[in-house]
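Asker: So here's work_17.tsv (TSV, C-alpha atoms).
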chain	number	residue	atom	x	y	z
A	100	MET	CA	96.26	162.89	48.42
A	101	ALA	CA	97.40	160.05	50.66
A	102	SER	CA	94.66	158.85	52.96
A	103	LEU	CA	95.14	158.17	56.66
A	104	THR	CA	95.35	154.40	56.75
A	105	TYR	CA	95.55	152.22	59.85
A	106	PHE	CA	97.78	149.18	59.28
A	107	PRO	CA	97.19	146.58	62.00
A	108	ILE	CA	100.59	145.57	63.40
A	109	ALA	CA	99.58	143.41	66.34
A	110	THR	CA	96.62	142.74	68.56
A	111	GLN	CA	96.18	140.90	71.86
A	112	THR	CA	93.04	139.98	73.75
A	113	THR	CA	93.52	138.56	77.21
A	114	THR	CA	91.97	135.14	77.73
A	115	SER	CA	92.55	135.25	81.50
A	116	THR	CA	93.51	137.89	84.03
A	117	VAL	CA	97.14	138.84	83.50
A	118	SER	CA	99.60	141.12	85.25
A	119	SER	CA	100.81	142.69	82.02
A	120	VAL	CA	100.52	142.75	78.25
A	121	THR	CA	103.65	143.24	76.16
A	122	PHE	CA	104.16	143.97	72.49
A	123	SER	CA	107.73	143.19	71.50
A	124	SER	CA	109.68	143.42	68.23
A	125	ILE	CA	107.38	146.20	67.02
A	126	SER	CA	107.82	146.77	63.29
A	127	GLN	CA	109.90	149.84	62.46
A	128	ALA	CA	108.28	150.28	59.06
A	129	TYR	CA	105.85	153.06	59.97
A	130	THR	CA	106.02	156.74	60.88
A	131	ASP	CA	103.67	156.83	63.86
A	132	LEU	CA	101.79	154.34	65.98
A	133	ILE	CA	98.19	154.40	67.18
A	134	ILE	CA	97.43	152.12	70.11
A	135	VAL	CA	93.79	151.33	70.89
A	136	VAL	CA	92.98	149.74	74.24
A	137	ASN	CA	89.65	148.57	75.65
A	138	ASN	CA	90.29	147.07	79.05
A	139	GLY	CA	89.16	146.38	82.57
A	140	SER	CA	91.01	145.69	85.79
A	141	THR	CA	90.45	143.23	88.60
A	142	VAL	CA	90.47	146.12	91.08
A	143	SER	CA	88.48	149.32	90.55
A	144	ALA	CA	90.10	152.76	90.50
A	145	GLN	CA	93.25	151.48	88.89
A	146	GLY	CA	94.64	153.07	85.76
A	147	LEU	CA	96.76	151.52	83.05
A	148	PHE	CA	100.52	151.94	83.27
A	149	MET	CA	102.75	151.83	80.20
A	150	GLN	CA	106.51	151.36	79.95
A	151	ILE	CA	108.62	151.55	76.81
A	152	ASN	CA	111.40	149.13	75.83
A	153	GLY	CA	111.30	147.66	79.33
A	154	ASP	CA	112.59	150.90	80.84
A	155	THR	CA	111.64	150.86	84.53
A	156	GLY	CA	113.71	153.90	85.46
A	157	SER	CA	112.44	157.40	86.23
A	158	ASN	CA	112.76	158.39	82.60
A	159	TYR	CA	109.24	159.55	81.81
A	160	SER	CA	107.30	162.77	82.30
A	161	LEU	CA	103.68	163.61	81.65
A	162	THR	CA	100.98	166.24	81.95
A	163	THR	CA	97.35	165.23	82.24
A	164	THR	CA	94.00	166.82	82.91
A	165	TRP	CA	90.90	164.86	83.87
A	166	LEU	CA	87.12	165.25	84.16
A	167	ASN	CA	84.73	162.80	85.80
A	168	GLY	CA	81.51	162.08	83.91
A	169	ASN	CA	79.51	161.19	86.98
A	170	THR	CA	80.49	163.85	89.48
A	171	SER	CA	81.98	166.56	87.20
A	172	ALA	CA	85.04	166.58	89.46
A	173	GLN	CA	88.15	167.66	87.59
A	174	GLY	CA	91.84	168.21	88.08
A	175	ASN	CA	95.28	167.74	86.67
A	176	PHE	CA	98.69	166.41	87.56
A	177	GLN	CA	102.08	166.62	85.96
A	178	PRO	CA	104.85	164.52	87.46
A	179	THR	CA	108.18	165.38	85.87
A	180	SER	CA	109.98	162.16	86.66
A	181	THR	CA	108.09	158.89	86.71
A	182	THR	CA	108.76	155.23	85.95
A	183	GLY	CA	106.09	155.02	83.24
A	184	ILE	CA	103.10	156.67	81.59
A	185	SER	CA	100.21	156.33	84.02
A	186	GLN	CA	96.52	157.19	83.92
A	187	PHE	CA	94.95	159.19	86.70
A	188	SER	CA	92.83	156.73	88.67
A	189	GLY	CA	91.66	158.48	91.79
A	190	LEU	CA	87.89	158.22	91.37
A	191	ALA	CA	86.60	154.76	92.11
A	192	GLN	CA	83.74	153.34	90.12
A	193	ASN	CA	82.91	149.93	88.82
A	194	ALA	CA	85.76	149.46	86.39
A	195	THR	CA	86.07	145.72	86.62
A	196	THR	CA	84.10	145.21	83.43
A	197	ILE	CA	85.69	145.94	80.06
A	198	ILE	CA	84.70	149.59	79.98
A	199	GLU	CA	87.98	151.49	80.06
A	200	ALA	CA	89.16	152.95	76.77
A	201	MET	CA	92.37	154.50	75.55
A	202	VAL	CA	93.80	155.79	72.28
A	203	ILE	CA	97.49	156.67	72.17
A	204	ASN	CA	99.19	158.53	69.34
A	205	LEU	CA	102.90	157.80	69.46
A	206	MET	CA	104.82	160.00	67.07
A	207	ASN	CA	108.08	159.26	65.24
A	208	TYR	CA	108.61	156.13	67.31
A	209	SER	CA	111.43	154.68	65.22
A	210	ASN	CA	113.73	157.70	65.15
A	211	THR	CA	116.98	157.50	67.10
A	212	THR	CA	117.68	161.21	67.56
A	213	ASN	CA	114.78	162.52	69.63
A	214	TYR	CA	112.98	161.81	72.88
A	215	LYS	CA	109.61	160.21	72.16
A	216	THR	CA	106.36	162.11	72.67
A	217	LEU	CA	102.87	160.67	72.90
A	218	ILE	CA	99.34	161.97	73.20
A	219	GLN	CA	96.96	159.79	75.16
A	220	ARG	CA	93.21	160.08	75.45
A	221	SER	CA	91.42	157.74	77.80
A	222	VAL	CA	88.45	156.99	79.99
A	223	CYS	CA	89.22	155.32	83.31
A	224	ASP	CA	86.63	154.92	86.07
A	225	ALA	CA	84.24	157.24	84.22
A	226	THR	CA	86.97	159.84	84.09
A	227	LEU	CA	87.94	161.42	80.78
A	228	GLN	CA	91.63	162.18	80.56
A	229	TYR	CA	94.01	163.89	78.18
A	230	LEU	CA	97.69	163.28	78.62
A	231	VAL	CA	100.87	164.36	76.91
A	232	GLY	CA	103.81	162.14	77.80
A	233	ASN	CA	107.49	161.98	77.06
A	234	TRP	CA	110.03	159.16	77.23
A	235	HIS	CA	113.46	160.64	77.81
A	236	ASN	CA	115.32	158.36	75.47
A	237	ASN	CA	116.52	158.57	71.85
A	238	ASN	CA	116.20	154.84	71.16
A	239	ALA	CA	113.68	153.54	68.67
A	240	ILE	CA	110.62	152.08	70.37
A	241	THR	CA	110.54	148.32	69.92
A	242	SER	CA	108.36	147.19	72.79
A	243	LEU	CA	105.47	148.41	74.92
A	244	THR	CA	104.29	146.91	78.20
A	245	PHE	CA	100.94	147.62	79.84
A	246	SER	CA	100.09	146.81	83.45
A	247	ILE	CA	97.67	147.90	86.19
A	248	GLY	CA	98.68	149.90	89.23
A	249	SER	CA	97.20	147.30	91.57
A	250	GLY	CA	95.61	144.03	90.57
A	251	ASN	CA	95.54	142.53	87.11
A	252	ILE	CA	94.29	143.29	83.65
A	253	GLN	CA	90.81	141.84	83.25
A	254	THR	CA	89.96	138.88	80.99
A	255	GLY	CA	88.72	140.06	77.60
A	256	SER	CA	90.78	143.24	77.48
A	257	SER	CA	91.97	144.11	73.99
A	258	PHE	CA	95.12	145.91	72.87
A	259	THR	CA	95.84	146.78	69.23
A	260	ILE	CA	98.77	148.60	67.62
A	261	TYR	CA	98.24	150.26	64.25
A	262	GLY	CA	100.98	151.73	62.09
A	263	ILE	CA	100.53	155.03	60.24
A	264	LYS	CA	102.71	156.03	57.30
A	265	ALA	CA	103.53	159.64	56.51
A	266	ALA	CA	103.13	159.02	52.78
X	91	MET	CA	96.21	140.08	54.58
X	92	ALA	CA	95.32	142.99	56.81
X	93	LEU	CA	92.33	145.04	55.75
X	94	GLN	CA	92.85	148.64	54.73
X	95	SER	CA	91.29	150.77	57.43
X	96	PRO	CA	89.29	152.90	57.79
X	97	THR	CA	86.83	151.44	55.29
X	98	LEU	CA	83.81	153.51	54.30
X	99	ILE	CA	80.64	151.70	55.40
X	100	SER	CA	77.98	154.29	54.73
X	101	SER	CA	77.50	157.96	53.91
X	102	LEU	CA	74.45	160.14	54.52
X	103	ASN	CA	73.65	163.76	53.80
X	104	THR	CA	70.90	166.29	54.11
X	105	ASN	CA	71.33	167.81	50.66
X	106	SER	CA	67.60	167.61	50.04
X	107	GLY	CA	66.74	169.69	53.09
X	108	ALA	CA	66.89	169.91	56.89
X	109	VAL	CA	65.94	166.79	58.85
X	110	GLY	CA	65.06	166.05	62.46
X	111	SER	CA	67.64	163.29	62.86
X	112	ILE	CA	70.25	161.23	61.07
X	113	THR	CA	70.50	157.48	61.66
X	114	PHE	CA	73.08	154.92	60.60
X	115	SER	CA	71.16	151.63	60.83
X	116	SER	CA	71.97	147.98	60.14
X	117	ILE	CA	75.63	148.66	60.86
X	118	PRO	CA	77.67	145.64	59.69
X	119	GLN	CA	79.23	143.62	62.51
X	120	THR	CA	82.46	142.81	60.67
X	121	TYR	CA	84.82	145.47	62.03
X	122	THR	CA	86.61	146.05	65.32
X	123	ASP	CA	85.96	149.77	65.81
X	124	LEU	CA	83.91	152.47	64.13
X	125	LYS	CA	84.72	156.04	63.21
X	126	ILE	CA	82.13	158.65	62.23
X	127	ILE	CA	83.06	161.96	60.65
X	128	MET	CA	80.45	164.60	60.06
X	129	SER	CA	80.07	168.14	58.84
X	130	ILE	CA	76.97	169.45	60.56
X	131	ARG	CA	74.91	172.55	61.27
X	132	ALA	CA	71.69	173.05	63.26
X	133	THR	CA	68.76	175.15	62.03
X	134	THR	CA	68.38	177.04	65.33
X	135	GLY	CA	70.55	178.19	68.19
X	136	GLY	CA	74.00	179.61	67.87
X	137	GLY	CA	77.26	179.99	69.70
X	138	GLY	CA	77.33	176.23	70.14
X	139	VAL	CA	74.40	173.81	69.88
X	140	TRP	CA	74.64	170.50	71.72
X	141	LEU	CA	74.67	167.45	69.50
X	142	HIS	CA	72.85	164.43	70.97
X	143	SER	CA	73.30	160.75	70.20
X	144	THR	CA	71.34	157.60	70.89
X	145	TYR	CA	72.41	153.99	70.38
X	146	ASN	CA	70.04	151.26	69.21
X	147	GLY	CA	67.33	153.76	70.08
X	148	SER	CA	68.35	154.28	73.71
X	149	ASN	CA	70.20	156.96	75.61
X	150	ASN	CA	73.83	156.51	76.52
X	151	ALA	CA	74.62	155.99	80.18
X	152	MET	CA	77.10	158.77	80.74
X	153	ASN	CA	78.96	161.48	78.94
X	154	ALA	CA	81.27	164.34	79.71
X	155	CYS	CA	83.28	166.86	77.78
X	156	TRP	CA	85.44	169.89	78.00
X	157	TYR	CA	84.54	172.88	75.87
X	158	SER	CA	86.44	176.01	75.10
X	159	SER	CA	86.32	178.99	72.77
X	160	GLY	CA	88.30	182.17	72.47
X	161	SER	CA	86.48	183.67	75.45
X	162	ALA	CA	84.92	180.85	77.45
X	163	TYR	CA	85.72	177.40	78.70
X	164	GLY	CA	84.24	174.83	81.03
X	165	ASN	CA	82.87	171.35	81.15
X	166	ALA	CA	79.58	169.53	81.08
X	167	ASN	CA	78.50	166.06	82.04
X	168	GLY	CA	75.36	163.99	82.10
X	169	TYR	CA	74.18	160.55	83.08
X	170	GLY	CA	70.97	158.64	83.53
X	171	SER	CA	67.93	160.28	81.98
X	172	THR	CA	69.88	163.32	80.83
X	173	SER	CA	72.79	161.39	79.50
X	174	ASN	CA	72.33	162.00	75.82
X	175	GLY	CA	72.98	165.71	76.11
X	176	TYR	CA	76.63	166.64	76.12
X	177	ASN	CA	78.43	165.07	73.21
X	178	ALA	CA	79.76	167.95	71.13
X	179	LEU	CA	78.98	171.58	70.37
X	180	ILE	CA	78.06	172.26	66.75
X	181	THR	CA	77.32	175.27	64.58
X	182	GLY	CA	73.83	176.79	64.84
X	183	ALA	CA	71.62	179.22	62.94
X	184	GLY	CA	73.01	182.20	64.84
X	185	ASP	CA	76.49	181.50	63.55
X	186	THR	CA	77.90	182.79	60.28
X	187	GLY	CA	75.99	181.40	57.30
X	188	ASN	CA	77.37	178.45	55.34
X	189	THR	CA	79.69	177.38	58.17
X	190	PHE	CA	79.52	173.81	59.46
X	191	ALA	CA	80.96	172.09	62.52
X	192	GLN	CA	83.41	169.22	62.12
X	193	VAL	CA	82.62	166.31	64.45
X	194	GLU	CA	84.27	162.93	64.95
X	195	TRP	CA	83.23	159.83	66.92
X	196	TYR	CA	85.51	156.86	67.68
X	197	ILE	CA	83.65	153.79	68.99
X	198	MET	CA	85.56	150.81	70.36
X	199	ASN	CA	84.59	147.15	70.19
X	200	TYR	CA	81.07	147.96	69.07
X	201	THR	CA	80.12	144.32	68.49
X	202	SER	CA	81.18	143.08	71.93
X	203	SER	CA	78.95	142.23	74.88
X	204	ASN	CA	80.83	144.72	77.05
X	205	PRO	CA	79.78	148.33	77.69
X	206	LYS	CA	80.71	150.56	74.76
X	207	THR	CA	83.01	153.51	75.27
X	208	MET	CA	83.54	156.14	72.61
X	209	PHE	CA	85.41	159.40	72.20
X	210	THR	CA	83.70	162.49	70.75
X	211	ASP	CA	85.35	165.56	69.24
X	212	GLY	CA	83.52	168.65	68.05
X	213	TYR	CA	84.84	171.74	66.33
X	214	GLU	CA	82.20	174.40	65.89
X	215	GLU	CA	82.91	176.63	62.89
X	216	ASN	CA	81.56	180.17	63.08
X	217	ASN	CA	84.03	182.33	61.17
X	218	ALA	CA	83.72	184.74	64.11
X	219	ALA	CA	85.19	185.34	67.53
X	220	ILE	CA	83.36	182.56	69.35
X	221	ALA	CA	83.62	178.99	68.12
X	222	TYR	CA	83.68	176.10	70.53
X	223	THR	CA	85.93	173.08	70.59
X	224	THR	CA	84.70	170.08	72.57
X	225	TYR	CA	86.54	166.93	73.67
X	226	GLY	CA	84.45	164.28	75.31
X	227	PHE	CA	83.40	160.71	75.79
X	228	VAL	CA	80.25	158.64	75.84
X	229	GLN	CA	79.57	155.34	77.59
X	230	TRP	CA	76.70	153.15	76.51
X	231	ASN	CA	76.25	150.40	79.08
X	232	THR	CA	74.69	147.46	77.35
X	233	SER	CA	75.62	143.96	76.33
X	234	SER	CA	73.99	144.41	72.94
X	235	ALA	CA	76.05	144.89	69.82
X	236	LEU	CA	75.73	148.37	68.38
X	237	THR	CA	73.61	148.25	65.25
X	238	SER	CA	72.33	151.81	64.90
X	239	ILE	CA	73.34	155.34	65.87
X	240	THR	CA	71.11	158.41	65.70
X	241	PHE	CA	72.20	162.03	65.89
X	242	THR	CA	69.93	164.97	66.72
X	243	ALA	CA	70.51	168.64	67.48
X	244	ASP	CA	69.56	170.05	70.87
X	245	SER	CA	67.27	172.59	69.25
X	246	GLY	CA	65.76	172.55	65.79
X	247	ASN	CA	66.81	170.29	62.96
X	248	ILE	CA	70.00	169.23	61.29
X	249	ASP	CA	70.46	171.75	58.53
X	250	GLN	CA	70.66	171.20	54.79
X	251	TYR	CA	74.03	170.18	53.32
X	252	SER	CA	75.26	168.40	56.44
X	253	THR	CA	77.23	165.21	55.67
X	254	PHE	CA	77.90	162.03	57.66
X	255	TYR	CA	80.42	159.26	56.98
X	256	LEU	CA	80.64	155.96	58.87
X	257	TYR	CA	83.93	154.02	58.67
X	258	GLY	CA	84.96	150.59	59.94
X	259	ILE	CA	88.40	149.84	61.39
X	260	SER	CA	89.75	146.29	61.57
X	261	ASN	CA	92.51	145.05	63.84
X	262	SER	CA	93.52	142.22	61.54
Show me this structure written as structure tokens.

Answerer:
Amino acid sequence: MASLTYFPIATQTTTSTVSSVTFSSISQAYTDLIIVVNNGSTVSAQGLFMQINGDTGSNYSLTTTWLNGNTSAQGNFQPTSTTGISQFSGLAQNATTIIEAMVINLMNYSNTTNYKTLIQRSVCDATLQYLVGNWHNNNAITSLTFSIGSGNIQTGSSFTIYGIKAA
Amino acid sequence: MALQSPTLISSLNTNSGAVGSITFSSIPQTYTDLKIIMSIRATTGGGGVWLHSTYNGSNNAMNACWYSSGSAYGNANGYGSTSNGYNALITGAGDTGNTFAQVEWYIMNYTSSNPKTMFTDGYEENNAAIAYTTYGFVQWNTSSALTSITFTADSGNIDQYSTFYLYGISNS
């Protein structure tokens, strides 16, 4: 039986505060991608924002549900037309340290016949979130860009892309 | 050359009999992230027993999770002195015999001086109508590198024939 193996494709750790982190020329040699992020922001209550292949148009949709670990507040939102995949970030806590975490499963990213679907699990401002997102485009995914809604990505934030092969 | 990940670091089991706790200690500091996969059952309780975790011997700072079964759903959270409570729901003595919960932990940047955030999944097996699934997270706010993790059941012991595997994941 083939084992689930993570092949590191690329990793970036910010050495200063930056407005965005971009992975370009992503290898097309794998079936799926797993993206692992451990970040902070220079402003609290700001979620990460991801765009694919530099697409800034309203070509994304998502559904997310969230639960706060401190207050037990919970909710959901599901915008049908957005300019990127965004975390819910409505509950302010001290997020300026490197405490935010995110794992994204991006399926079938290199195919050119289907829209791309992702599953994202994250913790932002002590808020656990599950998100299913869709990029309404058939193109293969070759680049990913991460930014913060307001402010910058904190120094010491790490972003890693792993490739997963089907067999 | 990139390392093959996940790499098995350590495996533990309770084949010799039930135990009060399971600890991975002296965790090597050579990986980026950690993954723990366990098959676990508690000696008491039933219909979902909370699995607790401590890190380097101390409670985590905060946790929260959703839980659901065929007939119930909700959420739980804890922080401060009660923070080690709500990590995952596992199989207990009141559940069907010889069934074990499947539980997975994913721990990021465990050697860093930043707070540690981890995701926790639990799938209680009961072979009956009620079996809980839990999706949660844990934050351990310390600048210390993570060197040991201990798991305990909310009530009773960890039952015989439970298994625990610790894997390392490298980003290069």

Asker: Can you write out as JSON lines which residues of chain A fall within 12 Å of chain X, alongside each residue's closest atom pair and its distance in Å to one decimal, counting only C-alpha atoms and ordering rows by chain and ascending residue number?

Answerer:
{"residue": "A:Ser102", "atom": "CA", "partner": "X:Pro96", "partner_atom": "CA", "distance": 9.4}
{"residue": "A:Leu103", "atom": "CA", "partner": "X:Pro96", "partner_atom": "CA", "distance": 8.0}
{"residue": "A:Thr104", "atom": "CA", "partner": "X:Ser95", "partner_atom": "CA", "distance": 5.5}
{"residue": "A:Tyr105", "atom": "CA", "partner": "X:Ser95", "partner_atom": "CA", "distance": 5.1}
{"residue": "A:Phe106", "atom": "CA", "partner": "X:Gln94", "partner_atom": "CA", "distance": 6.7}
{"residue": "A:Pro107", "atom": "CA", "partner": "X:Asn261", "partner_atom": "CA", "distance": 5.3}
{"residue": "A:Ile108", "atom": "CA", "partner": "X:Ser262", "partner_atom": "CA", "distance": 8.0}
{"residue": "A:Ala109", "atom": "CA", "partner": "X:Asn261", "partner_atom": "CA", "distance": 7.7}
{"residue": "A:Thr110", "atom": "CA", "partner": "X:Asn261", "partner_atom": "CA", "distance": 6.7}
{"residue": "A:Gln111", "atom": "CA", "partner": "X:Asn261", "partner_atom": "CA", "distance": 9.7}
{"residue": "A:Thr112", "atom": "CA", "partner": "X:Asn261", "partner_atom": "CA", "distance": 11.1}
{"residue": "A:Ile133", "atom": "CA", "partner": "X:Asn261", "partner_atom": "CA", "distance": 11.4}
{"residue": "A:Ile134", "atom": "CA", "partner": "X:Asn261", "partner_atom": "CA", "distance": 10.7}
{"residue": "A:Val135", "atom": "CA", "partner": "X:Met198", "partner_atom": "CA", "distance": 8.3}
{"residue": "A:Val136", "atom": "CA", "partner": "X:Met198", "partner_atom": "CA", "distance": 8.4}
{"residue": "A:Asn137", "atom": "CA", "partner": "X:Met198", "partner_atom": "CA", "distance": 7.1}
{"residue": "A:Asn138", "atom": "CA", "partner": "X:Asn204", "partner_atom": "CA", "distance": 10.0}
{"residue": "A:Gly139", "atom": "CA", "partner": "X:Asn204", "partner_atom": "CA", "distance": 10.1}
{"residue": "A:Thr164", "atom": "CA", "partner": "X:Trp156", "partner_atom": "CA", "distance": 10.3}
{"residue": "A:Trp165", "atom": "CA", "partner": "X:Trp156", "partner_atom": "CA", "distance": 9.5}
{"residue": "A:Leu166", "atom": "CA", "partner": "X:Ala154", "partner_atom": "CA", "distance": 7.4}
{"residue": "A:Asn167", "atom": "CA", "partner": "X:Ala154", "partner_atom": "CA", "distance": 7.2}
{"residue": "A:Gly168", "atom": "CA", "partner": "X:Ala154", "partner_atom": "CA", "distance": 4.8}
{"residue": "A:Asn169", "atom": "CA", "partner": "X:Tyr169", "partner_atom": "CA", "distance": 6.6}
{"residue": "A:Thr170", "atom": "CA", "partner": "X:Asn167", "partner_atom": "CA", "distance": 8.0}
{"residue": "A:Ser171", "atom": "CA", "partner": "X:Asn167", "partner_atom": "CA", "distance": 6.2}
{"residue": "A:Ala172", "atom": "CA", "partner": "X:Asn165", "partner_atom": "CA", "distance": 9.8}
{"residue": "A:Gln173", "atom": "CA", "partner": "X:Asn165", "partner_atom": "CA", "distance": 9.1}
{"residue": "A:Gly174", "atom": "CA", "partner": "X:Asn165", "partner_atom": "CA", "distance": 11.8}
{"residue": "A:Asn193", "atom": "CA", "partner": "X:Pro205", "partner_atom": "CA", "distance": 11.7}
{"residue": "A:Ala194", "atom": "CA", "partner": "X:Pro205", "partner_atom": "CA", "distance": 10.6}
{"residue": "A:Thr195", "atom": "CA", "partner": "X:Asn204", "partner_atom": "CA", "distance": 11.0}
{"residue": "A:Thr196", "atom": "CA", "partner": "X:Asn204", "partner_atom": "CA", "distance": 7.2}
{"residue": "A:Ile197", "atom": "CA", "partner": "X:Asn204", "partner_atom": "CA", "distance": 5.8}
{"residue": "A:Ile198", "atom": "CA", "partner": "X:Pro205", "partner_atom": "CA", "distance": 5.6}
{"residue": "A:Glu199", "atom": "CA", "partner": "X:Thr207", "partner_atom": "CA", "distance": 7.2}
{"residue": "A:Ala200", "atom": "CA", "partner": "X:Thr207", "partner_atom": "CA", "distance": 6.4}
{"residue": "A:Met201", "atom": "CA", "partner": "X:Phe209", "partner_atom": "CA", "distance": 9.1}
{"residue": "A:Val202", "atom": "CA", "partner": "X:Phe209", "partner_atom": "CA", "distance": 9.1}
{"residue": "A:Gln219", "atom": "CA", "partner": "X:Phe209", "partner_atom": "CA", "distance": 11.9}
{"residue": "A:Arg220", "atom": "CA", "partner": "X:Phe209", "partner_atom": "CA", "distance": 8.5}
{"residue": "A:Ser221", "atom": "CA", "partner": "X:Phe209", "partner_atom": "CA", "distance": 8.4}
{"residue": "A:Val222", "atom": "CA", "partner": "X:Phe227", "partner_atom": "CA", "distance": 7.5}
{"residue": "A:Cys223", "atom": "CA", "partner": "X:Thr207", "partner_atom": "CA", "distance": 10.3}
{"residue": "A:Asp224", "atom": "CA", "partner": "X:Gln229", "partner_atom": "CA", "distance": 11.0}
{"residue": "A:Ala225", "atom": "CA", "partner": "X:Met152", "partner_atom": "CA", "distance": 8.1}
{"residue": "A:Thr226", "atom": "CA", "partner": "X:Ala154", "partner_atom": "CA", "distance": 8.5}
{"residue": "A:Leu227", "atom": "CA", "partner": "X:Phe227", "partner_atom": "CA", "distance": 6.8}
{"residue": "A:Gln228", "atom": "CA", "partner": "X:Gly226", "partner_atom": "CA", "distance": 9.1}
{"residue": "A:Tyr229", "atom": "CA", "partner": "X:Tyr225", "partner_atom": "CA", "distance": 9.2}
{"residue": "A:Thr254", "atom": "CA", "partner": "X:Asn204", "partner_atom": "CA", "distance": 11.5}
{"residue": "A:Gly255", "atom": "CA", "partner": "X:Asn204", "partner_atom": "CA", "distance": 9.2}
{"residue": "A:Ser256", "atom": "CA", "partner": "X:Asn204", "partner_atom": "CA", "distance": 10.1}
{"residue": "A:Ser257", "atom": "CA", "partner": "X:Asn199", "partner_atom": "CA", "distance": 8.8}
{"residue": "A:Phe258", "atom": "CA", "partner": "X:Asn261", "partner_atom": "CA", "distance": 9.4}
{"residue": "A:Thr259", "atom": "CA", "partner": "X:Asn261", "partner_atom": "CA", "distance": 6.6}
{"residue": "A:Ile260", "atom": "CA", "partner": "X:Asn261", "partner_atom": "CA", "distance": 8.1}
{"residue": "A:Tyr261", "atom": "CA", "partner": "X:Asn261", "partner_atom": "CA", "distance": 7.8}
{"residue": "A:Gly262", "atom": "CA", "partner": "X:Ser95", "partner_atom": "CA", "distance": 10.8}
{"residue": "A:Ile263", "atom": "CA", "partner": "X:Ser95", "partner_atom": "CA", "distance": 10.6}

Asker: Can you pull out the residues contacting Gln145 of chain A? Cut-off 7 Å, using all atoms listed in the file, and skip same-chain residues under 2 positions away; I want them as a PyMOL selection string.

Answerer: chain A and resi 140+142-143+147+188+247-249

Asker: For each of A:Gln186, A:Ser157, A:Asn210, A:Ser118, take the minimum atom-to-atom distance to Thr141 of chain A, counting all atoms listed in the file, then give the residue where this is smallest.

Answerer: A:Ser118

Asker: Closest to Tyr121 of chain X among X:Thr133, X:Thr201, X:Ser143, X:Ser159, using all atoms listed in the file?

Answerer: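 Smallest separation from Tyr121 of chain X among the options: X:Thr201.
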
Asker: Go ahead and compute the interatomic distance for atom CA of Asn175 of chain A and atom CA of Leu161 of chain A, in Å to one decimal.

Answerer: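 That distance, rounded to one decimal, is 10.6 Å.
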
Asker: Skip segment 235-247 of chain X itself and residues of its chain fewer than 2 positions away, then list as a PyMOL selection string all residues within 8 Å of it, counting only C-alpha atoms.

Answerer: chain X and resi 108-119+132-135+139-147+175+200-203+233+249

Asker: Which residues, written as an mmCIF file with C-alpha atoms, in the frame of the given file, have at least one atom at most 12 Å from Ile240 of chain A, with all atoms listed in the file counted and residues fewer than 6 positions away on the same chain left out?

Answerer:
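Below is the file part-v3.cif, written as the result:
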data_model
loop_
_atom_site.group_PDB
_atom_site.id
_atom_site.type_symbol
_atom_site.label_atom_id
_atom_site.label_comp_id
_atom_site.auth_asym_id
_atom_site.auth_seq_id
_atom_site.Cartn_x
_atom_site.Cartn_y
_atom_site.Cartn_z
ATOM 1 C CA PHE A 122 104.160 143.970 72.490
ATOM 2 C CA SER A 123 107.730 143.190 71.500
ATOM 3 C CA SER A 124 109.680 143.420 68.230
ATOM 4 C CA ILE A 125 107.380 146.200 67.020
ATOM 5 C CA SER A 126 107.820 146.770 63.290
ATOM 6 C CA GLN A 127 109.900 149.840 62.460
ATOM 7 C CA ALA A 128 108.280 150.280 59.060
ATOM 8 C CA TYR A 129 105.850 153.060 59.970
ATOM 9 C CA THR A 130 106.020 156.740 60.880
ATOM 10 C CA ASP A 131 103.670 156.830 63.860
ATOM 11 C CA LEU A 132 101.790 154.340 65.980
ATOM 12 C CA GLN A 150 106.510 151.360 79.950
ATOM 13 C CA ILE A 151 108.620 151.550 76.810
ATOM 14 C CA ASN A 152 111.400 149.130 75.830
ATOM 15 C CA GLY A 153 111.300 147.660 79.330
ATOM 16 C CA ASP A 154 112.590 150.900 80.840
ATOM 17 C CA LEU A 205 102.900 157.800 69.460
ATOM 18 C CA MET A 206 104.820 160.000 67.070
ATOM 19 C CA ASN A 207 108.080 159.260 65.240
ATOM 20 C CA TYR A 208 108.610 156.130 67.310
ATOM 21 C CA SER A 209 111.430 154.680 65.220
ATOM 22 C CA ASN A 210 113.730 157.700 65.150
ATOM 23 C CA THR A 211 116.980 157.500 67.100
ATOM 24 C CA THR A 212 117.680 161.210 67.560
ATOM 25 C CA ASN A 213 114.780 162.520 69.630
ATOM 26 C CA TYR A 214 112.980 161.810 72.880
ATOM 27 C CA LYS A 215 109.610 160.210 72.160
ATOM 28 C CA THR A 216 106.360 162.110 72.670
ATOM 29 C CA LEU A 217 102.870 160.670 72.900
ATOM 30 C CA TRP A 234 110.030 159.160 77.230
#

Asker: Selecting C-alpha atoms, how would segment 198-210 of chain X from this structure be written as a short mmCIF file (atom, residue, chain, number, x, y, z; two decimals), in the first residue's frame?

Answerer:
data_model
loop_
_atom_site.label_atom_id
_atom_site.label_comp_id
_atom_site.auth_asym_id
_atom_site.auth_seq_id
_atom_site.Cartn_x
_atom_site.Cartn_y
_atom_site.Cartn_z
CA MET X 198 3.07 23.05 14.17
CA ASN X 199 6.55 24.45 14.72
CA TYR X 200 6.97 22.54 17.97
CA THR X 201 10.60 23.58 18.42
CA SER X 202 10.01 27.33 18.05
CA SER X 203 9.88 29.94 20.79
CA ASN X 204 6.39 30.97 19.68
CA PRO X 205 3.13 29.69 21.19
CA LYS X 206 2.27 26.24 19.84
CA THR X 207 -0.98 25.68 17.99
CA MET X 208 -2.24 22.22 17.13
CA PHE X 209 -5.27 20.64 15.53
CA THR X 210 -7.05 17.68 17.15
#
